[in-house]
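J.: mmCIF, C-alpha atoms, saved as model.cif, coming up:
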data_start
#
loop_
_atom_site.label_atom_id
_atom_site.label_comp_id
_atom_site.auth_asym_id
_atom_site.auth_seq_id
_atom_site.Cartn_x
_atom_site.Cartn_y
_atom_site.Cartn_z
CA MET A 467 -5.62 36.25 36.01
CA ASN A 468 -2.07 36.88 34.99
CA ALA A 469 -0.86 34.10 37.30
CA VAL A 470 -3.42 31.67 35.92
CA GLY A 471 -2.57 32.69 32.37
CA GLU A 472 1.13 32.11 33.05
CA ARG A 473 0.45 28.63 34.42
CA HIS A 474 -1.43 27.56 31.28
CA ARG A 475 0.70 29.32 28.69
CA PRO A 476 2.47 26.68 26.54
CA PRO A 477 6.25 26.70 26.41
CA SER A 478 8.00 28.37 23.51
CA VAL A 479 8.70 26.22 20.47
CA ASP A 480 12.43 26.48 21.07
CA VAL A 481 12.22 25.48 24.75
CA LEU A 482 10.02 22.49 23.96
CA ALA A 483 12.28 21.44 21.08
CA ARG A 484 15.36 21.57 23.31
CA SER A 485 13.62 19.44 25.93
CA LEU A 486 13.42 16.69 23.29
CA ALA A 487 17.16 16.66 22.58
CA GLY A 488 17.49 13.23 24.19
CA SER A 489 15.67 11.72 21.21
CA GLY A 490 18.84 12.18 19.16
CA LEU A 491 16.95 13.95 16.36
CA PRO A 492 18.38 17.11 14.72
CA HIS A 493 17.14 20.36 16.27
CA PRO A 494 15.30 21.57 13.11
CA ILE A 495 13.23 18.37 13.15
CA LEU A 496 12.49 18.81 16.86
CA VAL A 497 11.34 22.39 16.18
CA ASP A 498 8.83 21.06 13.63
CA ILE A 499 7.62 18.43 16.11
CA ALA A 500 7.35 20.97 18.96
CA ARG A 501 5.43 23.40 16.78
CA ALA A 502 2.97 20.68 15.71
CA ALA A 503 2.38 19.62 19.33
CA ILE A 504 1.76 23.20 20.46
CA GLU A 505 -0.57 23.94 17.55
CA ALA A 506 -2.53 20.78 18.39
CA GLY A 507 -2.87 21.99 21.98
CA ASP A 508 -1.17 18.84 23.19
CA VAL A 509 2.28 19.73 24.45
CA GLU A 510 2.50 16.46 26.38
CA SER A 511 2.49 14.55 23.09
CA ALA A 512 5.77 16.07 21.91
CA ALA A 513 7.97 13.26 23.22
CA ALA A 514 5.73 10.61 21.66
CA ARG A 515 5.71 12.53 18.38
CA ALA A 516 9.51 12.64 18.41
CA GLU A 517 9.69 8.90 19.01
CA THR A 518 7.18 8.25 16.22
CA PHE A 519 9.26 10.33 13.83
CA ARG A 520 12.50 8.62 14.88
CA ARG A 521 11.03 5.24 14.05
CA THR A 522 10.26 6.35 10.49
CA LEU A 523 14.01 6.64 9.84
CA LEU A 524 16.18 3.77 8.64
CA THR A 525 16.66 1.65 11.75
CA PRO A 526 18.71 -1.51 12.42
CA VAL A 527 16.41 -4.38 13.38
CA VAL A 528 16.65 -8.06 14.27
CA ASN A 529 15.18 -10.12 11.44
CA ALA A 530 13.50 -13.08 13.17
CA THR A 531 11.09 -13.80 10.30
CA GLY A 532 13.06 -16.72 8.89
CA VAL A 533 13.17 -14.95 5.51
CA LEU A 534 16.90 -14.63 4.97
CA LEU A 535 16.66 -12.12 2.11
CA HIS A 536 13.74 -10.04 3.34
CA THR A 537 13.06 -7.36 0.71
CA ASN A 538 11.40 -5.00 3.20
CA LEU A 539 14.41 -5.36 5.51
CA GLY A 540 17.03 -4.59 2.87
CA ARG A 541 17.52 -8.12 1.47
CA ALA A 542 21.05 -9.41 2.11
CA PRO A 543 22.44 -8.09 5.40
CA LEU A 544 25.75 -6.45 4.57
CA GLU A 545 28.59 -5.27 6.76
CA HIS A 546 30.78 -2.71 5.02
CA HIS A 547 33.16 -0.14 6.49
CA GLN A 548 34.95 2.50 4.49
CA ASP A 549 37.27 5.29 5.56
CA ALA A 550 36.43 8.84 4.55
CA ALA A 551 39.14 8.88 1.90
CA ALA A 552 39.36 9.42 -1.83
CA GLN A 553 39.41 6.25 -3.90
CA THR A 554 40.11 5.36 -7.52
CA VAL A 555 36.52 5.27 -8.73
CA GLU A 556 37.49 6.71 -12.13
CA PHE A 557 41.25 7.15 -11.85
CA ASP A 558 43.95 5.04 -13.51
CA LEU A 559 46.94 4.70 -11.18
CA ALA A 560 49.17 3.46 -14.01
CA THR A 561 48.68 6.47 -16.30
CA GLY A 562 47.49 9.15 -13.90
CA ALA A 563 44.59 9.81 -16.28
CA ARG A 564 40.86 9.28 -16.00
CA GLY A 565 39.97 5.59 -15.76
CA SER A 566 36.88 3.42 -16.07
CA ARG A 567 34.34 3.20 -13.26
CA GLN A 568 33.62 -0.35 -14.40
CA ARG A 569 37.12 -1.79 -14.59
CA ALA A 570 37.90 -2.68 -10.98
CA VAL A 571 34.70 -4.54 -10.10
CA GLY A 572 33.90 -5.60 -13.66
CA GLN A 573 37.07 -7.64 -14.03
CA LEU A 574 36.39 -9.46 -10.75
CA PHE A 575 32.86 -10.44 -11.73
CA ALA A 576 34.00 -11.47 -15.18
CA ARG A 577 36.44 -13.85 -13.50
CA LEU A 578 33.78 -15.13 -11.10
CA CYS A 579 31.24 -15.75 -13.86
CA GLY A 580 33.64 -17.19 -16.42
CA ALA A 581 32.79 -14.29 -18.73
CA GLU A 582 34.82 -12.10 -21.06
CA SER A 583 33.66 -8.90 -19.39
CA ALA A 584 31.25 -7.49 -16.82
CA MET A 585 29.82 -4.20 -15.62
CA VAL A 586 27.69 -2.91 -12.75
CA VAL A 587 24.54 -0.76 -12.56
CA ASN A 588 22.33 0.17 -9.62
CA ASN A 589 19.95 -2.82 -9.66
CA ASN A 590 18.92 -5.77 -11.79
CA ALA A 591 15.91 -4.03 -13.31
CA ALA A 592 18.34 -1.36 -14.53
CA ALA A 593 20.60 -4.08 -15.92
CA VAL A 594 17.77 -5.54 -18.01
CA LEU A 595 16.66 -2.08 -19.15
CA LEU A 596 20.19 -1.11 -20.20
CA VAL A 597 20.83 -4.34 -22.09
CA LEU A 598 17.58 -4.00 -24.03
CA ALA A 599 18.13 -0.31 -24.77
CA ALA A 600 21.73 -0.79 -25.85
CA LEU A 601 21.27 -3.95 -27.91
CA ALA A 602 17.65 -4.04 -29.08
CA GLU A 603 16.20 -0.52 -29.42
CA GLY A 604 13.84 -0.49 -32.40
CA ARG A 605 14.18 -4.24 -32.88
CA ASP A 606 12.33 -7.39 -31.81
CA VAL A 607 13.00 -9.50 -28.70
CA PRO A 608 11.26 -12.89 -28.37
CA VAL A 609 10.23 -13.77 -24.80
CA SER A 610 8.30 -16.81 -23.59
CA ARG A 611 4.80 -15.94 -22.38
CA GLY A 612 5.61 -17.91 -19.22
CA GLU A 613 8.50 -15.53 -18.53
CA SER A 614 6.75 -12.24 -19.27
CA VAL A 615 6.39 -11.68 -15.56
CA GLU A 616 5.67 -9.02 -12.98
CA ILE A 617 7.78 -9.07 -9.84
CA GLY A 618 8.15 -6.70 -6.86
CA GLY A 619 7.36 -3.02 -7.21
CA SER A 620 5.23 -3.54 -10.36
CA PHE A 621 8.35 -4.41 -12.39
CA ARG A 622 6.85 -5.91 -15.54
CA VAL A 623 8.92 -7.33 -18.39
CA PRO A 624 6.61 -5.86 -21.09
CA ASP A 625 6.83 -2.41 -19.49
CA VAL A 626 10.63 -2.52 -19.26
CA MET A 627 10.74 -3.69 -22.87
CA GLU A 628 8.59 -0.74 -23.92
CA GLN A 629 10.75 1.77 -22.04
CA SER A 630 13.89 0.37 -23.67
CA GLY A 631 12.51 0.89 -27.17
CA ALA A 632 12.64 -2.83 -27.99
CA ARG A 633 9.60 -4.68 -29.32
CA LEU A 634 8.28 -7.66 -27.39
CA VAL A 635 7.50 -10.81 -29.39
CA ASP A 636 5.42 -13.28 -27.37
CA VAL A 637 6.52 -16.89 -27.74
CA GLY A 638 4.75 -20.12 -26.74
CA THR A 639 2.18 -20.28 -23.95
CA THR A 640 2.12 -19.51 -20.24
CA ASN A 641 2.98 -23.07 -19.22
CA ARG A 642 4.78 -24.54 -22.25
CA THR A 643 7.33 -22.97 -24.57
CA ARG A 644 9.49 -25.14 -26.84
CA LEU A 645 12.51 -24.40 -29.01
CA GLY A 646 10.30 -24.70 -32.10
CA ASP A 647 8.15 -21.83 -30.81
CA TYR A 648 11.20 -19.57 -30.79
CA ARG A 649 12.23 -20.70 -34.28
CA ARG A 650 8.79 -19.93 -35.67
CA ALA A 651 8.85 -16.50 -34.03
CA LEU A 652 12.26 -15.73 -35.51
CA ASP A 653 11.21 -16.92 -38.97
CA LYS A 654 8.06 -14.79 -39.16
CA PRO A 655 8.15 -12.21 -41.96
CA GLY A 656 9.16 -8.79 -40.68
CA VAL A 657 10.68 -10.02 -37.41
CA ASP A 658 14.06 -8.40 -36.80
CA ALA A 659 15.31 -10.11 -33.66
CA ALA A 660 18.21 -8.44 -31.87
CA LEU A 661 18.35 -11.11 -29.16
CA VAL A 662 16.29 -13.69 -27.27
CA LEU A 663 15.51 -12.84 -23.66
CA LYS A 664 15.12 -15.59 -21.05
CA VAL A 665 13.74 -14.39 -17.71
CA HIS A 666 13.95 -16.24 -14.41
CA PRO A 667 10.37 -16.23 -12.98
CA SER A 668 11.86 -15.24 -9.62
CA ASN A 669 8.97 -15.03 -7.14
CA TYR A 670 6.57 -17.57 -8.60
CA ARG A 671 6.59 -21.06 -10.08
CA VAL A 672 4.27 -22.89 -12.45
CA GLU A 673 3.96 -26.62 -11.76
CA GLY A 674 2.30 -29.52 -13.54
CA PHE A 675 1.95 -29.61 -17.31
CA VAL A 676 4.93 -27.33 -18.03
CA GLU A 677 7.87 -27.12 -20.39
CA GLU A 678 10.54 -24.49 -20.94
CA THR A 679 13.46 -24.08 -23.30
CA SER A 680 16.93 -24.14 -21.79
CA VAL A 681 19.66 -21.60 -22.46
CA ARG A 682 21.70 -24.34 -24.13
CA GLU A 683 18.87 -24.93 -26.61
CA LEU A 684 18.28 -21.22 -27.18
CA ALA A 685 21.97 -20.75 -27.97
CA THR A 686 21.45 -22.80 -31.16
CA LEU A 687 19.09 -20.19 -32.65
CA GLY A 688 21.81 -17.98 -34.10
CA VAL A 689 20.95 -14.80 -32.17
CA PRO A 690 22.42 -13.62 -28.85
CA VAL A 691 20.74 -15.06 -25.75
CA VAL A 692 20.37 -12.74 -22.76
CA ALA A 693 19.46 -14.59 -19.55
CA ASP A 694 18.09 -12.62 -16.62
CA ILE A 695 18.89 -15.11 -13.85
CA GLY A 696 17.68 -12.68 -11.22
CA SER A 697 18.81 -14.08 -7.89
CA GLY A 698 22.55 -13.86 -8.41
CA LEU A 699 23.82 -17.37 -7.70
CA ILE A 700 27.39 -17.22 -9.01
CA ASP A 701 28.19 -20.93 -9.34
CA ALA A 702 25.77 -23.85 -8.99
CA SER A 703 28.51 -25.97 -7.38
CA CYS A 704 28.93 -23.44 -4.51
CA PRO A 705 32.70 -24.01 -4.23
CA TRP A 706 32.88 -21.59 -1.29
CA LEU A 707 30.95 -24.06 0.91
CA SER A 708 32.68 -26.99 2.60
CA GLY A 709 30.03 -29.49 1.53
CA PRO A 710 27.71 -29.98 -1.44
CA PRO A 711 25.31 -27.23 -2.57
CA PRO A 712 22.18 -26.96 -0.39
CA ALA A 713 19.31 -29.08 -1.70
CA TRP A 714 17.01 -26.07 -1.90
CA LEU A 715 19.25 -24.55 -4.61
CA ALA A 716 18.48 -27.36 -7.05
CA GLY A 717 17.26 -25.84 -10.30
CA GLU A 718 18.30 -22.29 -9.42
CA PRO A 719 20.10 -20.78 -12.46
CA ALA A 720 23.72 -19.76 -11.84
CA ALA A 721 25.79 -17.21 -13.73
CA ARG A 722 28.81 -19.40 -14.44
CA GLN A 723 26.80 -22.36 -15.78
CA THR A 724 24.42 -20.11 -17.75
CA ILE A 725 27.32 -18.49 -19.62
CA ALA A 726 28.93 -21.89 -20.16
CA ASP A 727 25.64 -23.07 -21.69
CA GLY A 728 25.88 -20.36 -24.34
CA ALA A 729 24.25 -17.21 -22.96
CA SER A 730 25.78 -14.11 -24.52
CA LEU A 731 24.94 -12.08 -21.42
CA VAL A 732 23.57 -12.75 -17.95
CA THR A 733 22.06 -10.18 -15.61
CA PHE A 734 21.50 -10.63 -11.87
CA SER A 735 21.05 -8.85 -8.55
CA GLY A 736 23.82 -8.04 -6.11
CA ASP A 737 21.73 -8.18 -2.93
CA LYS A 738 20.11 -11.61 -3.22
CA LEU A 739 22.03 -14.90 -3.33
CA LEU A 740 25.23 -12.99 -4.04
CA GLY A 741 24.89 -11.48 -0.56
CA GLY A 742 26.23 -8.03 -1.47
CA PRO A 743 24.79 -4.52 -1.85
CA GLN A 744 21.90 -3.55 -4.11
CA ALA A 745 23.30 -3.60 -7.63
CA GLY A 746 22.76 -5.16 -11.03
CA ILE A 747 25.54 -7.10 -12.75
CA ILE A 748 25.82 -7.61 -16.51
CA ALA A 749 28.36 -10.26 -17.53
CA GLY A 750 29.20 -12.00 -20.79
CA ARG A 751 30.58 -11.19 -24.23
CA ALA A 752 33.00 -8.27 -24.20
CA ASP A 753 31.57 -6.61 -27.32
CA LEU A 754 28.03 -6.61 -25.90
CA VAL A 755 29.14 -5.36 -22.47
CA GLU A 756 31.05 -2.56 -24.21
CA ARG A 757 27.92 -1.52 -26.12
CA CYS A 758 26.07 -1.34 -22.81
CA GLN A 759 28.85 0.77 -21.29
CA ARG A 760 28.71 3.23 -24.22
CA HIS A 761 24.93 3.71 -24.07
CA PRO A 762 23.76 7.06 -22.58
CA LEU A 763 21.65 5.22 -19.97
CA ALA A 764 24.79 3.69 -18.49
CA ARG A 765 25.70 6.99 -16.84
CA ALA A 766 22.22 7.45 -15.37
CA LEU A 767 22.23 3.91 -13.99
CA ARG A 768 25.80 3.74 -12.71
CA PRO A 769 26.54 2.96 -9.04
CA GLY A 770 28.57 5.14 -6.69
CA GLY A 771 31.84 4.46 -4.95
CA LEU A 772 30.23 2.98 -1.83
CA VAL A 773 28.42 0.30 -3.83
CA LEU A 774 31.47 -0.43 -5.96
CA ALA A 775 33.67 -0.84 -2.89
CA ALA A 776 31.14 -3.15 -1.22
CA LEU A 777 30.82 -5.21 -4.40
CA GLN A 778 34.59 -5.44 -4.71
CA ASN A 779 34.80 -6.83 -1.18
CA THR A 780 32.01 -9.28 -1.96
CA ALA A 781 33.72 -10.50 -5.13
CA MET A 782 37.04 -10.88 -3.33
CA ALA A 783 35.36 -13.00 -0.65
CA TYR A 784 34.11 -15.40 -3.34
CA LEU A 785 37.44 -15.54 -5.15
CA ASP A 786 39.26 -16.25 -1.87
CA LYS A 787 36.58 -18.84 -0.95
CA ARG A 788 35.73 -16.81 2.17
CA ALA A 789 32.06 -16.34 1.23
CA ALA A 790 30.85 -18.97 3.71
CA THR A 791 32.31 -17.00 6.62
CA ASP A 792 32.50 -13.42 5.38
CA ILE A 793 29.09 -13.06 3.72
CA ALA A 794 26.20 -12.97 6.19
CA PHE A 795 23.72 -14.72 3.90
CA TRP A 796 25.92 -17.78 3.46
CA ARG A 797 26.67 -17.88 7.19
CA MET A 798 22.92 -18.10 7.81
CA VAL A 799 22.60 -20.85 5.20
CA ALA A 800 25.49 -22.89 6.61
CA VAL A 801 24.47 -22.95 10.29
CA SER A 802 23.29 -26.39 11.41
CA THR A 803 19.74 -27.06 12.56
CA SER A 804 21.09 -28.55 15.79
CA SER A 805 22.87 -25.28 16.54
CA LEU A 806 19.65 -23.34 15.92
CA GLN A 807 17.76 -25.74 18.18
CA ALA A 808 20.25 -25.23 21.01
CA ARG A 809 19.92 -21.44 20.70
CA ALA A 810 16.12 -21.66 20.62
CA GLU A 811 16.05 -23.80 23.77
CA ALA A 812 18.37 -21.35 25.52
CA ILE A 813 16.16 -18.39 24.61
CA ALA A 814 12.97 -20.21 25.66
CA THR A 815 14.55 -21.02 29.01
CA ALA A 816 15.80 -17.45 29.51
CA VAL A 817 12.33 -15.94 28.95
CA SER A 818 10.31 -18.70 30.63
CA GLN A 819 9.36 -16.55 33.61
CA ALA A 820 8.18 -13.64 31.48
CA GLN A 821 6.76 -15.83 28.70
CA PRO A 822 5.70 -19.20 30.21
CA SER A 823 4.38 -20.47 26.87
CA ALA A 824 7.73 -20.02 25.09
CA VAL A 825 9.02 -23.25 23.53
CA ALA A 826 11.71 -24.19 21.02
CA ALA A 827 10.07 -25.40 17.81
CA SER A 828 11.09 -26.58 14.36
CA MET A 829 10.33 -24.12 11.55
CA ASP A 830 10.78 -23.65 7.81
CA ALA A 831 12.95 -20.72 6.72
CA LEU A 832 12.88 -19.17 3.25
CA PRO A 833 15.67 -17.83 1.02
CA GLY A 834 13.46 -14.82 0.20
CA ALA A 835 13.57 -11.98 -2.33
CA GLY A 836 12.22 -14.25 -5.07
CA SER A 837 15.18 -16.62 -4.82
CA ALA A 838 14.38 -20.32 -5.21
CA PRO A 839 10.59 -19.76 -5.18
CA GLY A 840 8.53 -22.40 -3.44
CA VAL A 841 11.39 -23.98 -1.49
CA THR A 842 12.19 -23.91 2.23
CA MET A 843 15.10 -24.88 4.45
CA PRO A 844 14.81 -26.58 7.87
CA SER A 845 15.17 -24.22 10.80
CA TYR A 846 14.47 -23.78 14.50
CA GLY A 847 13.12 -20.94 16.58
CA VAL A 848 10.99 -19.87 19.52
CA GLU A 849 7.18 -20.08 19.51
CA ILE A 850 5.03 -18.15 22.00
CA ALA A 851 1.27 -17.98 22.54
CA GLY A 852 -0.35 -14.74 21.44
CA ASP A 853 0.45 -12.08 18.85
CA LEU A 854 3.46 -10.17 20.20
CA LEU A 855 4.52 -8.53 16.94
CA GLU A 856 3.71 -4.93 17.84
CA GLY A 857 5.47 -5.08 21.19
CA LEU A 858 8.56 -6.63 19.62
CA ARG A 859 8.67 -3.85 17.06
CA ARG A 860 8.61 -1.26 19.86
CA HIS A 861 11.77 -2.56 21.50
CA ASP A 862 14.83 -0.26 21.47
CA ARG A 863 16.32 -2.54 18.83
CA PRO A 864 13.13 -3.63 17.03
CA VAL A 865 12.62 -7.34 16.56
CA ILE A 866 10.66 -8.35 13.45
CA ALA A 867 8.94 -11.73 13.79
CA ARG A 868 5.87 -13.41 12.28
CA SER A 869 2.63 -14.77 13.69
CA ARG A 870 0.11 -17.42 12.74
CA ASP A 871 -2.96 -18.79 14.52
CA ASP A 872 -2.43 -16.39 17.43
CA ARG A 873 1.10 -17.61 18.01
CA THR A 874 4.32 -15.62 17.58
CA MET A 875 7.28 -17.28 15.89
CA LEU A 876 10.87 -16.08 15.97
CA ASP A 877 12.91 -18.06 13.44
CA LEU A 878 16.61 -18.06 14.35
CA ARG A 879 18.06 -18.96 10.95
CA SER A 880 17.80 -15.30 9.95
CA VAL A 881 19.13 -14.07 13.32
CA ASP A 882 22.82 -13.55 14.03
CA PRO A 883 23.77 -15.30 17.31
CA SER A 884 24.91 -11.95 18.71
CA ASP A 885 21.28 -10.79 18.55
CA ASP A 886 19.88 -13.61 20.74
CA ALA A 887 20.34 -11.35 23.78
CA THR A 888 18.24 -8.66 22.09
CA ILE A 889 15.43 -11.16 21.51
CA ILE A 890 15.54 -12.20 25.17
CA ALA A 891 15.41 -8.57 26.29
CA ALA A 892 12.58 -7.72 23.91
CA LEU A 893 10.44 -10.64 25.09
CA THR A 894 11.10 -9.83 28.75
CA VAL A 895 10.56 -6.08 28.54
CA GLN A 896 7.42 -6.53 26.47
CA HIS A 897 5.88 -8.67 29.20
CA GLN A 898 6.73 -6.08 31.86
CA VAL A 899 5.18 -3.27 29.80
CA SER A 900 2.02 -5.22 29.02
#
Once you've parsed the file, please lay out its structure as structure tokens.

T.:
Amino acid sequence: MNAVGERHRPPSVDVLARSLAGSGLPHPILVDIARAAIEAGDVESAAARAETFRRTLLTPVVNATGVLLHTNLGRAPLEHHQDAAAQTVEFDLATGARGSRQRAVGQLFARLCGAESAMVVNNNAAAVLLVLAALAEGRDVPVSRGESVEIGGSFRVPDVMEQSGARLVDVGTTNRTRLGDYRRALDKPGVDAALVLKVHPSNYRVEGFVEETSVRELATLGVPVVADIGSGLIDASCPWLSGPPPAWLAGEPAARQTIADGASLVTFSGDKLLGGPQAGIIAGRADLVERCQRHPLARALRPGGLVLAALQNTAMAYLDKRAATDIAFWRMVAVSTSSLQARAEAIATAVSQAQPSAVAASMDALPGAGSAPGVTMPSYGVEIAGDLLEGLRRHDRPVIARSRDDRTMLDLRSVDPSDDATIIAALTVQHQVS
């Protein structure tokens, strides 16, 4: 009985945890996993449990969805390296005294946007919240009903307005708002307007019988105009590209032109069309930016040194006109369709034995993250019969694709050429496993 009991006695938690060391997970996590497997009476599941846990952690993937700024995949892909060294986040080298966290990056974005001043917070929702709290608390803010939107993560303009302490004044209708509507709202008895807020609809578009009021028109109203342009296009002329701006950018508001049209402030994201880290930028009149910097919320919403350093590198790439080569998003935009087609044909040929149905096919890629809603850009990729999404996600370096009508599509516009080999391996290994 003792011998039988010994044979069926489960291993100790520590022994089982140490046997999972090859997973690369920290030992305390492996202890938790081992304990759970033993308590479930399923010791053999420990390795699978460790792998399941590992895949819940932040993991580099190949984005083959064709959505260049995929919100669930971190939006703009960003390469940033920084030594483990102290840096002048709030230190003035000239005086040796405490400096401003906003000066270094703020001055660069002010120059980029053609603004008097600029500052940075941790995302664009925070930028809008801070502007409203600093400039309009306890006062009225007219907003077009067509721009009182909800975007990702239940971010609603009326809710942000309420949290800031400003009072929302609805203007016009959902589909049509004219300059006269704003004038009537401002002239109503008891209205104390601190500013007019214009919001880029971001991830939706109303078509047909529509009309909106431009920033240039709003600037004639006699109150500051704050334009949330959202996507972070710096300059509509895209001077960092060798050719003209891409056709799909037509109509996308840009920071430089919006300020030139009379906006007192613009706010936008750092990780969309800008191609940098998650951040929110506020740029415009120096006196208004200073009021935002002095507000108590500014400290709660400020970014850390890593974000500031990444944003500084991003801004320098634009100023040096290196954005087309140094910023991953613009590299993806600039690649020719013929180049994508050649890569797709090479991949289809390489996996033809494992995936006989694989063919190169034309596709439509998307900017993503609410940028340029409703528009696409021509692309090329690989199309395969069947839904292979789960198997692709299980690859050592997960590949994220999309499927439709029982066909799997891997769009190469969102894939760096160095990852083509990973796609080939994932398609080949998946077939062997299945």

J.: Skip Asp882 (chain A) itself and residues of its chain fewer than 3 positions away, then list as a ChimeraX atom specification all residues within 9 Å of it, counting only C-alpha atoms.

T.: /A:528-529,794,797-798,878-879,885-886

J.: Suppose you want the space between CA of Leu539 (chain A) and CA of Ala831 (chain A); what is it in Å?

T.: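 Atom-to-atom, CA of Leu539 (chain A) to CA of Ala831 (chain A), that is 15.5 Å.
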
J.: Starting from the displayed file, determine the output of the PyMOL selection byres ((chain A and resi 489-491) around 9) and express the residue list as a list in words.

T.: Leu486, Ala487, Gly488, Pro492, His493, Pro494, Ile495, Leu496, Ala513, Ala516, Glu517, Phe519 and Arg520 of chain A

J.: Please measure the separation of CA of Ser869 (chain A) and CA of Val533 (chain A), giving the value in Å to one decimal.

T.: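 Here the two named atoms are 13.3 Å from each other.
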
J.: Applied to this file, what does the PyMOL selection byres ((chain A and resi 771) around 10) return in terms of residues, put as a ChimeraX atom specification?

T.: /A:552-556,567,768-770,772-777

J.: Report, in Å with one decimal, the straight-line distance from CA of Arg564 (chain A) to CA of Val732 (chain A).

T.: 28.1 Å

J.: Would you compute the box with edges along x, y and z of the file around region 765-780 of chain A, including every atom the file lists for it and 8 Å extra on each side, and give its centre and edge lengths in Å to one decimal, as AutoDock Vina command-line options?

T.:
--center_x 28.5 --center_y -0.9 --center_z -9.0 --size_x 28.6 --size_y 32.7 --size_z 31.7

J.: Let me make sure I understand: among A:Arg541, A:Arg475, A:Arg521, A:Arg644, which one has the smallest atom-to-atom distance to Val509 (chain A) if we use all atoms listed in the file?

T.: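 Once distances to Val509 (chain A) are computed over all atoms listed in the file, the minimum belongs to A:Arg475.
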
J.: Could you name the residues that touch Leu687 (chain A) at 9 Å or less, counting only C-alpha atoms, but leaving out those on the same chain fewer than 3 positions away, as a short mmCIF file (atom, residue, chain, number, x, y, z; two decimals) with C-alpha atoms, in the frame of the given file?

T.:
data_model
loop_
_atom_site.label_atom_id
_atom_site.label_comp_id
_atom_site.auth_asym_id
_atom_site.auth_seq_id
_atom_site.Cartn_x
_atom_site.Cartn_y
_atom_site.Cartn_z
CA LEU A 645 12.51 -24.40 -29.01
CA TYR A 648 11.20 -19.57 -30.79
CA ARG A 649 12.23 -20.70 -34.28
CA LEU A 652 12.26 -15.73 -35.51
CA VAL A 662 16.29 -13.69 -27.27
CA GLU A 683 18.87 -24.93 -26.61
CA LEU A 684 18.28 -21.22 -27.18
CA PRO A 690 22.42 -13.62 -28.85
CA VAL A 691 20.74 -15.06 -25.75
#

J.: For the PyMOL selection byres ((chain A and resi 537) around 10), applied here, can you spell out every residue it catches as a list of chain:residue names?

T.: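 This file gives the following for the PyMOL selection byres ((chain A and resi 537) around 10): A:Val533, A:Leu534, A:Leu535, A:His536, A:Asn538, A:Leu539, A:Gly540, A:Arg541, A:Ala542, A:Gly618, A:Asp737, A:Lys738, A:Gly834, A:Ala835, A:Gly836.
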
J.: Please list as a ChimeraX atom specification every residue within 12 Å of Ala602 (chain A), counting all atoms listed in the file and excluding residues in the same chain fewer than 6 positions away.

T.: /A:594-596,608,627-634,658-663,689-692,754,757-758,761
